[in-house]
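Worksheet for the structure shown next.
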Amino acid sequence: MKELSRIALAIEPSATMAIDSMFKQMKADGLDVIGFGAGEPDFPTPDYIKEVGIQAIQNNDTKYTPSVGTVALRKAICQRLKEDCGVEYTPAEVAVSNGAKPCVYVALRALVNPGDEVILPAPYWVSYIELIRMVGGVPVVVEATEAEHFKITPEKLSAAITPKTKCMILNNPSNPTGMMYSRKELEEIAKVCVEKDIYVISDEIYYRLAYDSEEFVSFAALGEDVKARTLLVNGVSKSYAMTGWRIGYVAAPAAISKVIGNYLGHCTGSPSSISQAAAAEALSASQETVEKMREAFEERRNYMVERMNQIEGVSCIKPEGAFYVMMNISKIFGKELFGHVIKDADDFGNMFLKYGKVAVVPGTSFGAPEFIRWSYATSMENIKAGLDRLECFLSGKEV
């Protein structure tokens, strides 16, 4: 038989999905395991949003919609972006798809020719590097260190740009680090992008989850020259606890949005009409539930960071957004636990799951091999128990 696609065969499985699947299987097998791997809120979708989805079914709102999404949803997106981010788009400049991940993919599809370089600051979300490869692009990974608060500098960005550079992916606030760029930091990055004439895919899916009264700044809001080069990706998954509803969107200049719409028309068609109705309600109704979730995440973050930094051998810096903490485990490398020497983050993750009964995500797949990602999108009870188990594990006690 003929070989399969070399592009497809080169794609690595998602580490976060693999960890989450393993965790769920262990739970199903009756093991007392705690999961900190999945990047989804533990809150239910608010009732008022669910009711609109149910009503859409009862009203037989179950047909195809335009491939880029309903006009009602795209209008709601435009209004929310204007109110929250101070950036104006028309419905014709917005395309809706089945979650933010496909939106990153189609944004890359609209921009990247085979061989084009895409700058990817590290640590990066695990799927970015594979999505770049899937469209024939060449990832150019630029490390942002813990000392730099995991944020790329304009100097590093400028040094990475070549004649082959087409765009950069910027995730703000960041998965996996939780770090958020200030207005000044974004302005400096934007200046380089405009001068070098590169596009920016700005993934802002966590924009409503910012802490300590810090200001979130949308990249597209930095000026018309910047907006003309920005493909803004967002969605309802994180802010409204709607991960399973699968609604994301990309806002971009009309010429780019038209290309994205053409691609979606042949690739996925329209997202679920039911989910679109619910998403329009989420975006246009009161945002009170979003703030309540944000406050709960902030409380959990504060506890996790303080407690983690009290445990010998590990440390972390305080994230400013999203719901992740990057735990530095470099001091543990070379240490023997349970008869095995921990050589890297993968070793740590596997052993912590086996002996500590805690599922976390090794930073290897994020371009951060000295770190472990914890999600605090889980109950305070689980967070306390998980950190108790971390202390036991590091002292050589099996759970």
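For the structure tokens, the naming scheme is as follows: chains receive sequential letters (A, B, ...) according to their order of presentation, residues are indexed from 1 within each chain, and ligands are indexed from 1 in presentation order.
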query = In segment 95-222 of chain A, what's helix (DSSP H, G or I) per DSSP? Answer as an MDAnalysis selection string?
reply = chainID A and resid 100:111 126:134 154:160 183:196 219:222
Near-Ile332 of chain A list (9 Å; only C-alpha atoms; drop same-chain fewer than 5 positions) as a VMD selection string = chain A and resid 313 to 314 342 to 344 348 394
Per-residue nearest contacts segment 34-77 of chain A to segment 154-176 of chain A, cut-off 12 Å, using only C-alpha atoms, as a tab-separated table:
residue	atom	partner	partner_atom	distance
A:Gly37	CA	A:Pro176	CA	10.7
A:Ala38	CA	A:Pro176	CA	11.2
A:Gly39	CA	A:Asn175	CA	8.7
A:Glu40	CA	A:Asn175	CA	11.6
Give me a file of those residues, with N, CA and C atoms, as a CSV table (one decimal), in the first residue's frame.
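Output file selection_15.csv follows:
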chain,number,residue,atom,x,y,z
A,37,GLY,N,-4.4,18.7,34.4
A,37,GLY,CA,-3.9,18.8,33.1
A,37,GLY,C,-4.7,19.6,32.1
A,38,ALA,N,-6.0,19.4,32.2
A,38,ALA,CA,-6.9,20.0,31.2
A,38,ALA,C,-7.1,21.5,31.3
A,39,GLY,N,-7.1,22.2,30.2
A,39,GLY,CA,-7.3,23.6,30.2
A,39,GLY,C,-8.7,24.0,30.0
A,40,GLU,N,-9.6,23.6,30.9
A,40,GLU,CA,-11.0,24.0,30.8
A,40,GLU,C,-11.6,24.3,32.2
ask   = atom CA of His149 of chain A and atom CA of Glu299 of chain A are how many Å apart?
value = 20.9 Å
Atomic separation - atom CA of Val361 of chain A relative to atom CA of Ile7 of chain A, Å =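 That distance, rounded to one decimal, is 25.3 Å.
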message = Please determine, counting only C-alpha atoms, which residue among A:Pro46, A:Gly363, A:Pro121, A:Gly115 has the shortest atom-to-atom distance to Val138 of chain A.
response =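 For Val138 of chain A, the nearest of the given residues is A:Gly115.
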task = Kindly indicate which residue among A:Met293, A:Ala359, A:Ala100, A:Ala76 lies nearest to Gly244 of chain A, using only C-alpha atoms for the distances.
result =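 Smallest separation from Gly244 of chain A among the options: A:Ala100.
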Using only C-alpha atoms, find each residue in segment 86-148 of chain A having at least one atom no more than 8 Å away from segment 261-266 of chain A; report its shortest atom-to-atom pair and that distance in Å (one decimal), rows by chain then rising number, as CSV.
residue,atom,partner,partner_atom,distance
A:Ala95,CA,A:Gly261,CA,6.4
A:Ser97,CA,A:Leu264,CA,7.7
A:Val106,CA,A:Tyr263,CA,7.2
request  = Determine, counting only C-alpha atoms, which protein, DNA and RNA residues have an atom within 10 Å of an atom of Pro44 of chain A; residues of the same chain fewer than 2 positions away are not included. Present the result as a ChimeraX atom specification.
outcome  = /A:41-42,46-47,50,240-243
Saved selection, atoms kept: N, CA and C atoms, as a PDB file, in the first residue's frame:
ATOM      1  N   PRO A  41     -12.387  25.361  32.289  1.00  0.00           N
ATOM      2  CA  PRO A  41     -12.978  25.724  33.575  1.00  0.00           C
ATOM      3  C   PRO A  41     -13.770  24.565  34.164  1.00  0.00           C
ATOM      4  N   ASP A  42     -13.732  24.450  35.479  1.00  0.00           N
ATOM      5  CA  ASP A  42     -14.493  23.393  36.143  1.00  0.00           C
ATOM      6  C   ASP A  42     -15.918  23.831  36.448  1.00  0.00           C
ATOM      7  N   PRO A  46     -23.157  28.693  32.408  1.00  0.00           N
ATOM      8  CA  PRO A  46     -24.267  29.365  33.101  1.00  0.00           C
ATOM      9  C   PRO A  46     -25.634  28.984  32.525  1.00  0.00           C
ATOM     10  N   ASP A  47     -26.618  28.886  33.408  1.00  0.00           N
ATOM     11  CA  ASP A  47     -27.946  28.418  33.017  1.00  0.00           C
ATOM     12  C   ASP A  47     -28.573  29.262  31.918  1.00  0.00           C
ATOM     13  N   LYS A  50     -27.299  28.086  28.643  1.00  0.00           N
ATOM     14  CA  LYS A  50     -27.824  26.759  28.297  1.00  0.00           C
ATOM     15  C   LYS A  50     -29.279  26.842  27.827  1.00  0.00           C
ATOM     16  N   TYR A 240     -16.656  31.714  29.434  1.00  0.00           N
ATOM     17  CA  TYR A 240     -18.042  31.354  29.741  1.00  0.00           C
ATOM     18  C   TYR A 240     -18.214  29.879  30.070  1.00  0.00           C
ATOM     19  N   ALA A 241     -17.103  29.169  30.287  1.00  0.00           N
ATOM     20  CA  ALA A 241     -17.153  27.734  30.593  1.00  0.00           C
ATOM     21  C   ALA A 241     -17.951  26.979  29.525  1.00  0.00           C
ATOM     22  N   MET A 242     -17.587  27.216  28.261  1.00  0.00           N
ATOM     23  CA  MET A 242     -18.314  26.624  27.130  1.00  0.00           C
ATOM     24  C   MET A 242     -17.374  25.798  26.243  1.00  0.00           C
ATOM     25  N   THR A 243     -16.424  25.095  26.845  1.00  0.00           N
ATOM     26  CA  THR A 243     -15.442  24.353  26.043  1.00  0.00           C
ATOM     27  C   THR A 243     -16.101  23.365  25.087  1.00  0.00           C
TER      28      THR A 243
END
Just want the 12 Å neighbourhood of Tyr181 of chain A, counted on only C-alpha atoms, with same-chain residues fewer than 5 positions away dropped. Output as a short mmCIF file (atom, residue, chain, number, x, y, z; two decimals) with C-alpha atoms, in the first residue's frame.
data_model
loop_
_atom_site.label_atom_id
_atom_site.label_comp_id
_atom_site.auth_asym_id
_atom_site.auth_seq_id
_atom_site.Cartn_x
_atom_site.Cartn_y
_atom_site.Cartn_z
CA GLU A 148 12.05 37.51 31.43
CA HIS A 149 8.70 36.41 32.90
CA PHE A 150 8.29 34.15 29.87
CA LYS A 151 7.72 37.18 27.60
CA ILE A 152 9.51 37.74 24.31
CA THR A 153 11.49 40.98 24.00
CA LEU A 170 1.29 35.74 20.19
CA ASN A 171 -0.76 34.21 23.01
CA ASN A 172 -1.79 36.80 25.59
CA PRO A 173 -2.51 35.94 28.38
CA SER A 174 -0.42 32.87 27.81
CA LEU A 186 2.97 45.13 23.35
CA GLU A 187 3.68 48.52 21.80
CA GLU A 188 7.37 47.64 21.51
CA ILE A 189 6.57 44.31 19.87
CA ALA A 190 4.03 45.95 17.56
CA SER A 202 -2.97 37.19 18.43
CA GLU A 204 -6.55 36.26 23.20
CA TYR A 207 -8.40 37.88 27.89
CA ALA A 210 -6.60 38.84 34.15
CA GLU A 214 -3.96 44.46 35.60
CA GLU A 215 -5.09 45.96 32.30
CA PHE A 216 -5.57 43.60 29.38
CA VAL A 217 -4.64 45.19 26.05
CA SER A 218 -5.73 43.68 22.76
CA PHE A 219 -2.95 43.67 20.17
CA PRO A 319 1.02 34.39 36.62
CA GLU A 320 -1.02 37.42 35.66
CA GLY A 321 -3.79 35.74 33.68
#
Taking a cut-off of 12 Å and counting only C-alpha atoms, can you build a table that, for each residue of segment 100-176 of chain A near segment 12-22 of chain A, reports the nearest atom pair and how far apart they are in Å (one decimal), sorted by chain then residue number, as CSV?
residue,atom,partner,partner_atom,distance
A:Trp125,CA,A:Thr16,CA,9.5
A:Val126,CA,A:Ser14,CA,6.7
A:Ser127,CA,A:Ser14,CA,6.8
A:Tyr128,CA,A:Ser14,CA,10.4
A:Ile129,CA,A:Glu12,CA,9.6
A:Glu130,CA,A:Glu12,CA,7.1
A:Leu131,CA,A:Glu12,CA,10.4
A:Arg133,CA,A:Glu12,CA,10.4
A:Met134,CA,A:Glu12,CA,10.7
A:Asn175,CA,A:Thr16,CA,11.4
A:Pro176,CA,A:Thr16,CA,10.6
